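K.L.:
Below is the file query35.cif, which contains mmCIF, C-alpha atoms.
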```
data_upload
loop_
_atom_site.label_atom_id
_atom_site.label_comp_id
_atom_site.auth_asym_id
_atom_site.auth_seq_id
_atom_site.Cartn_x
_atom_site.Cartn_y
_atom_site.Cartn_z
CA MET A 27 90.24 61.61 111.97
CA SER A 28 88.77 63.29 108.93
CA ARG A 29 85.36 63.21 110.57
CA LEU A 30 86.77 65.01 113.57
CA LEU A 31 88.29 67.60 111.29
CA ILE A 32 84.97 68.22 109.54
CA MET A 33 83.20 68.60 112.87
CA LEU A 34 85.81 71.06 114.00
CA VAL A 35 85.54 73.12 110.82
CA VAL A 36 81.73 73.15 111.00
CA SER A 37 81.61 74.19 114.64
CA VAL A 38 84.20 76.90 114.18
CA SER A 39 82.36 78.28 111.16
CA LEU A 40 79.08 78.24 113.10
CA LEU A 41 80.62 80.08 116.00
CA SER A 42 82.15 82.76 113.88
CA SER A 43 79.22 83.27 111.49
CA ALA A 44 78.41 86.71 112.85
CA ALA A 45 81.97 87.82 112.35
CA ILE A 46 81.97 86.39 108.84
CA TRP A 47 78.91 88.39 107.83
CA ALA A 48 80.38 91.56 109.23
CA GLU A 49 83.46 90.83 107.18
CA ALA A 50 81.56 89.84 104.05
CA GLU A 51 79.47 92.98 104.16
CA ARG A 52 82.61 95.04 104.75
CA ILE A 53 81.11 97.33 107.30
CA THR A 54 83.13 99.81 109.25
CA PHE A 55 81.96 101.65 112.30
CA LYS A 56 82.51 105.23 113.29
CA ASN A 57 83.47 104.21 116.83
CA ALA A 58 83.72 101.26 119.20
CA GLN A 59 80.43 102.04 120.90
CA SER A 60 78.61 101.85 117.57
CA GLU A 61 80.22 98.51 116.76
CA GLU A 62 79.38 97.14 120.19
CA ASN A 63 75.74 98.20 119.82
CA TYR A 64 75.54 96.67 116.37
CA THR A 65 77.02 93.34 117.44
CA ALA A 66 74.74 93.14 120.48
CA LEU A 67 71.65 93.97 118.44
CA VAL A 68 72.18 91.62 115.51
CA ASN A 69 72.69 88.79 117.97
CA GLU A 70 69.51 89.72 119.82
CA LEU A 71 67.10 90.13 116.93
CA ARG A 72 65.36 87.16 115.38
CA CYS A 73 65.38 86.50 111.68
CA LEU A 74 61.63 86.24 111.16
CA VAL A 75 61.70 84.09 108.07
CA CYS A 76 64.20 81.59 109.43
CA GLN A 77 63.65 78.93 112.02
CA ASN A 78 65.48 79.98 115.15
CA GLN A 79 68.30 82.10 113.82
CA THR A 80 69.36 85.57 114.75
CA ILE A 81 69.77 88.12 112.01
CA ALA A 82 73.51 87.83 112.59
CA ASP A 83 73.40 84.14 111.70
CA SER A 84 71.20 84.29 108.66
CA ASP A 85 71.87 84.87 105.00
CA ALA A 86 68.16 85.50 104.26
CA ASP A 87 67.38 88.71 102.38
CA LEU A 88 65.25 90.02 105.20
CA ALA A 89 68.06 89.40 107.69
CA LYS A 90 70.45 91.37 105.46
CA ASP A 91 67.98 94.25 105.25
CA LEU A 92 67.43 94.22 108.99
CA ARG A 93 71.19 94.20 109.57
CA ALA A 94 71.48 97.20 107.25
CA LYS A 95 68.69 98.95 109.14
CA VAL A 96 70.35 98.25 112.49
CA TYR A 97 73.67 99.47 111.09
CA ASN A 98 72.16 102.72 109.85
CA MET A 99 70.39 103.31 113.14
CA VAL A 100 73.43 102.71 115.36
CA GLU A 101 75.66 104.75 113.08
CA ALA A 102 73.14 107.56 113.36
CA GLY A 103 73.81 107.44 117.09
CA GLN A 104 70.64 105.66 118.21
CA SER A 105 70.84 103.61 121.39
CA GLN A 106 70.17 99.87 121.64
CA THR A 107 66.85 100.56 123.33
CA GLU A 108 65.76 102.79 120.47
CA VAL A 109 66.56 100.12 117.90
CA ILE A 110 64.80 97.44 119.96
CA ASP A 111 61.73 99.69 120.29
CA TYR A 112 61.74 100.35 116.55
CA MET A 113 61.86 96.64 115.76
CA THR A 114 59.25 95.53 118.28
CA ALA A 115 56.89 98.27 117.09
CA ARG A 116 57.05 96.65 113.67
CA TYR A 117 57.60 92.95 114.23
CA GLY A 118 56.25 92.47 117.76
CA ASP A 119 57.92 90.70 120.68
CA PHE A 120 58.66 87.74 118.42
CA VAL A 121 61.59 89.64 116.92
CA LEU A 122 63.39 89.54 120.27
CA TYR A 123 65.14 86.47 121.59
CA ARG A 124 64.67 87.82 125.10
CA PRO A 125 61.27 89.51 125.07
CA ALA A 126 60.54 92.10 127.73
CA PHE A 127 58.99 90.88 130.97
CA LYS A 128 55.36 92.03 130.89
CA MET A 129 51.80 90.72 131.26
CA LYS A 130 51.74 89.27 127.77
CA THR A 131 55.00 87.38 128.22
CA LEU A 132 54.40 86.35 131.84
CA LEU A 133 53.65 82.72 131.00
CA LEU A 134 56.68 82.57 128.74
CA TRP A 135 59.03 83.66 131.50
CA LEU A 136 57.40 82.01 134.50
CA GLY A 137 56.06 78.88 132.80
CA PRO A 138 59.26 76.82 133.17
CA ILE A 139 59.59 77.77 136.85
CA VAL A 140 55.95 76.84 137.48
CA PHE A 141 56.49 73.46 135.82
CA LEU A 142 59.67 72.87 137.83
CA LEU A 143 57.88 73.67 141.09
CA LEU A 144 55.01 71.38 140.13
CA ALA A 145 57.45 68.59 139.38
CA ILE A 146 59.26 69.07 142.69
CA PHE A 147 55.92 69.08 144.53
CA PHE A 148 54.84 65.79 142.94
CA VAL A 149 58.22 64.13 143.49
CA ILE A 150 58.18 65.06 147.17
CA ARG A 151 54.63 63.79 147.53
CA TRP A 152 55.50 60.57 145.77
CA VAL A 153 58.62 59.96 147.86
CA ARG A 154 56.67 60.57 151.08
CA ALA A 155 53.89 58.24 150.02
CA GLN A 156 56.46 55.55 149.23
CA SER A 157 58.21 55.79 152.57
CA SER A 158 55.06 55.84 154.71
CA SER A 159 53.23 53.05 152.92
CA ALA A 160 56.21 50.70 152.73
CA PRO A 161 55.51 47.77 155.06
CA VAL A 162 57.99 47.69 157.91
CA ALA A 163 59.45 44.23 158.18
CA MET A 164 58.18 42.79 161.43
CA LEU A 165 59.03 39.32 162.53
CA SER A 166 56.86 37.18 164.66
CA ASP A 167 58.35 35.61 167.79
CA ASP A 168 58.58 32.23 166.06
CA GLN A 169 60.46 33.71 163.10
CA ARG A 170 62.78 35.51 165.49
CA ASP A 171 63.60 32.25 167.19
CA SER A 172 64.31 30.47 163.93
CA VAL A 173 66.56 33.29 162.79
CA ARG A 174 68.49 33.10 166.01
CA GLU A 175 68.78 29.34 165.59
CA LEU A 176 70.11 29.72 162.05
CA LEU A 177 72.65 32.30 163.11
CA ASN A 178 73.85 30.15 165.95
CA LYS A 179 74.25 27.20 163.60
CA THR A 180 76.59 29.02 161.28
CA GLN A 181 78.78 30.28 164.08
CA MET B 12 39.74 50.95 140.28
CA LYS B 13 42.36 52.93 142.14
CA LYS B 14 42.30 56.67 141.70
CA SER B 15 46.02 56.75 140.89
CA ALA B 16 45.38 54.58 137.84
CA LEU B 17 43.67 57.60 136.29
CA ILE B 18 46.75 59.81 136.56
CA PRO B 19 48.44 58.62 133.32
CA LEU B 20 45.14 59.11 131.53
CA GLY B 21 44.92 62.63 132.94
CA ILE B 22 48.47 63.46 131.85
CA PHE B 23 47.72 62.03 128.42
CA ALA B 24 44.56 64.15 128.12
CA VAL B 25 46.48 67.35 129.02
CA LEU B 26 49.18 66.43 126.50
CA VAL B 27 46.58 65.86 123.79
CA VAL B 28 45.07 69.29 124.44
CA PHE B 29 48.46 71.02 124.18
CA LEU B 30 49.46 69.11 121.07
CA ALA B 31 46.11 69.89 119.45
CA ILE B 32 46.66 73.60 120.11
CA GLY B 33 50.21 73.28 118.81
CA LEU B 34 49.01 71.72 115.57
CA GLY B 35 46.74 74.69 114.94
CA LEU B 36 49.47 77.26 115.46
CA LYS B 37 51.28 78.79 112.53
CA PRO B 38 54.77 79.70 113.71
CA ARG B 39 55.34 81.81 110.62
CA GLU B 40 52.31 83.96 111.29
CA VAL B 41 53.57 86.67 113.55
CA PRO B 42 50.77 88.72 115.07
CA SER B 43 51.07 92.17 113.57
CA PRO B 44 51.55 94.91 116.12
CA PHE B 45 50.23 97.29 113.46
CA ILE B 46 46.53 96.54 113.86
CA GLY B 47 44.86 99.68 115.18
CA LYS B 48 47.85 101.88 114.33
CA PRO B 49 48.12 104.47 111.58
CA VAL B 50 49.74 103.32 108.36
CA PRO B 51 53.41 104.42 108.37
CA GLN B 52 54.16 107.45 106.24
CA PHE B 53 56.33 107.09 103.20
CA SER B 54 56.87 108.69 99.85
CA LEU B 55 58.09 106.44 97.07
CA PRO B 56 58.50 106.78 93.31
CA LYS B 57 55.65 105.48 91.19
CA LEU B 58 56.31 102.46 89.03
CA MET B 59 54.13 103.49 86.12
CA ALA B 60 54.73 107.25 86.12
CA GLU B 61 58.38 108.19 86.13
CA GLY B 62 59.39 111.06 88.36
CA LYS B 63 56.13 111.04 90.32
CA MET B 64 55.79 110.06 93.95
CA VAL B 65 53.04 108.27 95.84
CA SER B 66 52.25 108.27 99.55
CA PRO B 67 49.45 106.83 101.71
CA ASP B 68 47.99 110.35 101.92
CA ASP B 69 46.91 109.98 98.28
CA LEU B 70 44.29 107.47 99.42
CA LYS B 71 43.09 109.22 102.55
CA GLY B 72 39.38 109.35 103.32
CA GLN B 73 38.49 106.01 101.76
CA VAL B 74 38.77 102.36 102.63
CA TRP B 75 41.80 100.97 100.82
CA MET B 76 44.29 98.18 100.79
CA LEU B 77 48.05 98.07 100.63
CA ASN B 78 49.36 94.97 98.90
CA VAL B 79 53.04 94.07 99.05
CA PHE B 80 54.08 92.18 95.92
CA ALA B 81 57.04 91.34 93.73
CA SER B 82 57.53 89.68 90.38
CA TRP B 83 59.93 87.16 91.96
CA CYS B 84 57.31 86.09 94.48
CA VAL B 85 55.53 82.92 93.47
CA SER B 86 52.58 83.22 95.82
CA CYS B 87 51.96 86.75 94.52
CA ARG B 88 51.25 85.22 91.15
CA ALA B 89 48.88 82.79 92.86
CA GLU B 90 46.89 85.50 94.63
CA HIS B 91 46.86 87.97 91.75
CA ASP B 92 43.65 86.67 90.17
CA VAL B 93 41.79 86.58 93.47
CA LEU B 94 42.97 90.07 94.34
CA THR B 95 42.09 91.44 90.92
CA ARG B 96 38.56 90.07 91.16
CA LEU B 97 38.04 91.65 94.59
CA ILE B 98 39.45 94.98 93.43
CA ARG B 99 37.31 95.07 90.26
CA SER B 100 34.04 93.97 91.87
CA GLU B 101 34.36 96.34 94.82
CA LYS B 102 36.07 99.18 92.94
CA LEU B 103 38.58 99.06 95.76
CA PRO B 104 41.54 101.43 95.66
CA VAL B 105 44.71 99.44 96.24
CA LEU B 106 48.26 100.67 96.58
CA GLY B 107 50.72 98.06 95.41
CA LEU B 108 54.11 98.11 97.10
CA ASN B 109 56.55 96.63 94.66
CA TYR B 110 58.96 95.14 97.17
CA LYS B 111 62.64 94.70 96.30
CA ASP B 112 61.93 94.16 92.66
CA GLU B 113 63.47 95.30 89.40
CA SER B 114 61.03 97.79 87.89
CA LYS B 115 61.49 96.24 84.46
CA ASP B 116 60.51 92.79 85.79
CA ALA B 117 57.56 94.24 87.67
CA LYS B 118 56.23 95.97 84.56
CA GLU B 119 56.53 92.78 82.51
CA TRP B 120 54.79 90.84 85.27
CA LEU B 121 51.87 93.30 85.35
CA ALA B 122 51.65 93.35 81.56
CA GLU B 123 51.25 89.59 81.62
CA LEU B 124 48.84 89.27 84.55
CA GLY B 125 47.03 92.61 84.46
CA ASN B 126 47.36 95.63 86.68
CA PRO B 127 44.52 96.12 89.17
CA TYR B 128 46.42 98.63 91.32
CA GLN B 129 45.48 102.29 91.54
CA HIS B 130 49.02 103.23 92.52
CA ILE B 131 52.22 101.25 92.59
CA ALA B 132 55.10 102.37 94.80
CA VAL B 133 58.63 101.17 94.13
CA ASP B 134 60.42 99.99 97.27
CA LEU B 135 63.68 98.87 95.73
CA GLU B 136 65.67 98.75 98.97
CA GLY B 137 62.88 97.25 101.05
CA GLN B 138 63.20 99.99 103.67
CA VAL B 139 59.51 100.90 103.57
CA GLY B 140 58.88 97.17 103.81
CA ILE B 141 60.75 97.14 107.12
CA ASP B 142 58.75 100.17 108.24
CA LEU B 143 55.62 98.15 107.53
CA GLY B 144 56.97 95.11 109.35
CA VAL B 145 56.96 93.08 106.15
CA TYR B 146 58.75 89.75 106.50
CA GLY B 147 57.22 87.73 103.71
CA VAL B 148 55.63 88.61 100.42
CA PRO B 149 52.72 88.88 99.71
CA GLU B 150 51.18 90.78 102.57
CA THR B 151 47.93 92.71 102.44
CA PHE B 152 46.84 95.49 104.79
CA VAL B 153 43.29 96.80 105.04
CA ILE B 154 43.22 100.48 105.96
CA ASP B 155 40.16 102.45 107.05
CA LYS B 156 39.03 105.97 106.15
CA LYS B 157 41.10 107.49 108.94
CA GLY B 158 44.27 105.79 107.74
CA ILE B 159 44.29 103.18 110.52
CA ILE B 160 45.44 99.63 109.72
CA ARG B 161 42.57 97.32 110.61
CA HIS B 162 43.69 93.98 109.24
CA LYS B 163 46.74 92.28 107.87
CA ALA B 164 46.77 89.14 105.77
CA THR B 165 50.15 87.42 105.60
CA GLY B 166 50.72 85.18 102.62
CA PRO B 167 48.58 84.81 99.54
CA VAL B 168 44.95 85.89 99.56
CA PHE B 169 42.58 83.06 98.64
CA ASP B 170 38.91 83.15 97.67
CA ALA B 171 38.09 81.97 101.18
CA THR B 172 40.17 84.79 102.69
CA VAL B 173 38.25 87.31 100.63
CA ARG B 174 34.88 85.78 101.47
CA ASP B 175 35.49 85.30 105.20
CA ASP B 176 37.84 88.12 106.17
CA LEU B 177 38.50 90.86 103.64
CA LEU B 178 35.14 91.52 102.04
CA PRO B 179 33.05 91.60 105.25
CA LEU B 180 35.63 93.91 106.83
CA ILE B 181 35.76 96.24 103.82
CA LEU B 182 31.96 96.53 103.74
CA LYS B 183 31.90 97.20 107.48
CA LEU B 184 34.64 99.84 107.26
CA ARG B 185 32.82 101.61 104.44
CA GLU B 186 29.89 102.12 106.83
CA GLU B 187 32.15 103.85 109.33
CA LYS B 188 32.51 107.60 109.34
CA GLY B 189 35.68 109.03 107.86
#
```
In structure tokens, how does this file's structure come out?
P.N.:
Amino acid sequence: MSRLLIMLVVSVSLLSSAAIWAEAERITFKNAQSEENYTALVNELRCLVCQNQTIADSDADLAKDLRAKVYNMVEAGQSQTEVIDYMTARYGDFVLYRPAFKMKTLLLWLGPIVFLLLAIFFVIRWVRAQSSSAPVAMLSDDQRDSVRELLNKTQ
Amino acid sequence: MKKSALIPLGIFAVLVVFLAIGLGLKPREVPSPFIGKPVPQFSLPKLMAEGKMVSPDDLKGQVWMLNVFASWCVSCRAEHDVLTRLIRSEKLPVLGLNYKDESKDAKEWLAELGNPYQHIAVDLEGQVGIDLGVYGVPETFVIDKKGIIRHKATGPVFDATVRDDLLPLILKLREEKG
């Protein structure tokens, strides 16, 4: 029971971490659009010094600074695209959890699909090979007779 | 031997290649999008001269380095000797960016370890750091005579880094026209 409770507390706190930071940093927005942009951006940008966390999730100093930067930019009326462009110009595509689709990121986006297609291709080939090479059970005339005999016996 | 018997071996070989590449990767080393771009403009107060400002323009026309450091940064302490030796032997102008540091601590740190910097800019809030795409301290940028960033070293500079990367590049850049 207590274990369940701990799990529940941990998962709830993980889910609401972004909200907690916003609360802890006591930030207020000039309008709803600004808040929406901020929330979208901090959940989209990677904390570069953490392993796999967004800047919304992280308590690292750099994440705090980047949140502050994003806040200042959206409050100054800059669009999400402008903030994203600013960040990628400085930190590269790595700063984005969903990097733009372009030549450099082609393999990243299409790689999984290519691997899936390859897998499907090999599975189909394998299944076909199995079904065509499987020996079809053929009985000789003698065997057929003995089977018939056996069946008649049991009846 | 049947051909199909070689398939697991083939898969294994491919896996080995990918894992070998993976071992060599450094996930913390983000390729800097700054290489080939002009150094971002900023104007920050000087650490050692109160009331005075320093900007990258003060170093224009020469090959110089920008070194991001802080007294709280352990690897900065580690690289300080190496950096100092390079700066002294090459008479290299270096702008130190004192990143998110208390000026008092930074001054004590430099008094203890020596100050090889020509200028030191105070970036208390780390906003210029963000402009420079700094995500870990120390970081070292090599900038050419035209003010273009030509190289960035992330993490501490070692003797080998100086020998293999920094020094050859600095000598090469000095040959270029301003």
K.L.:
Which residues come within 7 Å of B:Leu184, counting only C-alpha atoms, excluding same-chain residues fewer than 4 positions away, as number ranges by chain?
P.N.:
B: 74, 155, 180
K.L.:
Include C-alpha atoms and write out the residues we just selected as a CSV table (one decimal), in the frame of the given file.
P.N.:
```
chain,number,residue,atom,x,y,z
B,74,VAL,CA,38.8,102.4,102.6
B,155,ASP,CA,40.2,102.4,107.0
B,180,LEU,CA,35.6,93.9,106.8
```
K.L.:
Show me, as a PyMOL selection string, the residues of chain B whose atoms get within 12 Å of chain A, using all atoms listed in the file for the distance check.
P.N.:
chain B and resi 15+18+38-46+48+50-51+110-111+135-148
K.L.:
With C-alpha atoms retained, export the selected residues as a PDB file, keeping the file's coordinate frame.
P.N.:
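Output saved as part_31.pdb:
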```
ATOM      1  CA  SER B  15      46.020  56.750 140.890  1.00  0.00           C
ATOM      2  CA  ILE B  18      46.750  59.810 136.560  1.00  0.00           C
ATOM      3  CA  PRO B  38      54.770  79.700 113.710  1.00  0.00           C
ATOM      4  CA  ARG B  39      55.340  81.810 110.620  1.00  0.00           C
ATOM      5  CA  GLU B  40      52.310  83.960 111.290  1.00  0.00           C
ATOM      6  CA  VAL B  41      53.570  86.670 113.550  1.00  0.00           C
ATOM      7  CA  PRO B  42      50.770  88.720 115.070  1.00  0.00           C
ATOM      8  CA  SER B  43      51.070  92.170 113.570  1.00  0.00           C
ATOM      9  CA  PRO B  44      51.550  94.910 116.120  1.00  0.00           C
ATOM     10  CA  PHE B  45      50.230  97.290 113.460  1.00  0.00           C
ATOM     11  CA  ILE B  46      46.530  96.540 113.860  1.00  0.00           C
ATOM     12  CA  LYS B  48      47.850 101.880 114.330  1.00  0.00           C
ATOM     13  CA  VAL B  50      49.740 103.320 108.360  1.00  0.00           C
ATOM     14  CA  PRO B  51      53.410 104.420 108.370  1.00  0.00           C
ATOM     15  CA  TYR B 110      58.960  95.140  97.170  1.00  0.00           C
ATOM     16  CA  LYS B 111      62.640  94.700  96.300  1.00  0.00           C
ATOM     17  CA  LEU B 135      63.680  98.870  95.730  1.00  0.00           C
ATOM     18  CA  GLU B 136      65.670  98.750  98.970  1.00  0.00           C
ATOM     19  CA  GLY B 137      62.880  97.250 101.050  1.00  0.00           C
ATOM     20  CA  GLN B 138      63.200  99.990 103.670  1.00  0.00           C
ATOM     21  CA  VAL B 139      59.510 100.900 103.570  1.00  0.00           C
ATOM     22  CA  GLY B 140      58.880  97.170 103.810  1.00  0.00           C
ATOM     23  CA  ILE B 141      60.750  97.140 107.120  1.00  0.00           C
ATOM     24  CA  ASP B 142      58.750 100.170 108.240  1.00  0.00           C
ATOM     25  CA  LEU B 143      55.620  98.150 107.530  1.00  0.00           C
ATOM     26  CA  GLY B 144      56.970  95.110 109.350  1.00  0.00           C
ATOM     27  CA  VAL B 145      56.960  93.080 106.150  1.00  0.00           C
ATOM     28  CA  TYR B 146      58.750  89.750 106.500  1.00  0.00           C
ATOM     29  CA  GLY B 147      57.220  87.730 103.710  1.00  0.00           C
ATOM     30  CA  VAL B 148      55.630  88.610 100.420  1.00  0.00           C
TER      31      VAL B 148
END
```
K.L.:
List as a ChimeraX atom specification the residues having at least one atom at most 12 Å from position (42.1, 94.1, 92.0) as given in the file, counting only C-alpha atoms.
P.N.:
/B:75-78,90-107,121,124-130,168,173
K.L.:
Atom CA of B:Arg161 to atom CA of B:Lys183: how many Å, to one decimal?
P.N.:
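Answer for the atom CA of B:Arg161 to atom CA of B:Lys183 separation: 11.1 Å.
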K.L.:
By how many Å are atom CA of A:Val68 and atom CA of A:Ile81 apart?
P.N.:
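Between atom CA of A:Val68 and atom CA of A:Ile81 the gap works out to 5.5 Å.
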K.L.:
Can you work out the spacing between atom CA of B:Asp134 and atom CA of A:Thr54 in Å, to one decimal?
P.N.:
25.7 Å
K.L.:
Excluding A:Gly103 and its own-chain neighbours fewer than 3 positions away, which residues fall within 10 Å of it when counting all atoms listed in the file? Please give them as a list in words.
P.N.:
Lys56, Gln59, Ser60, Asn63, Tyr97, Asn98, Met99, Val100, Gln106 and Glu108 of chain A
K.L.:
B:Leu177: which residues within 10 Å, counting only C-alpha atoms, same-chain residues fewer than 2 positions away excluded, as number ranges by chain?
P.N.:
B: 76, 97, 151-153, 162-164, 168, 170-175, 179-183
K.L.:
Applying the PyMOL selection byres ((chain B and resi 157) around 7) to the file I just gave you, which residues come out? Please list them as a count of residues only.
P.N.:
7
K.L.:
So what does the PyMOL selection byres ((chain B and resi 65) around 10) actually pick up in this one, as a PyMOL selection string?
P.N.:
chain B and resi 53-58+60+63-64+66-70+106+130-133
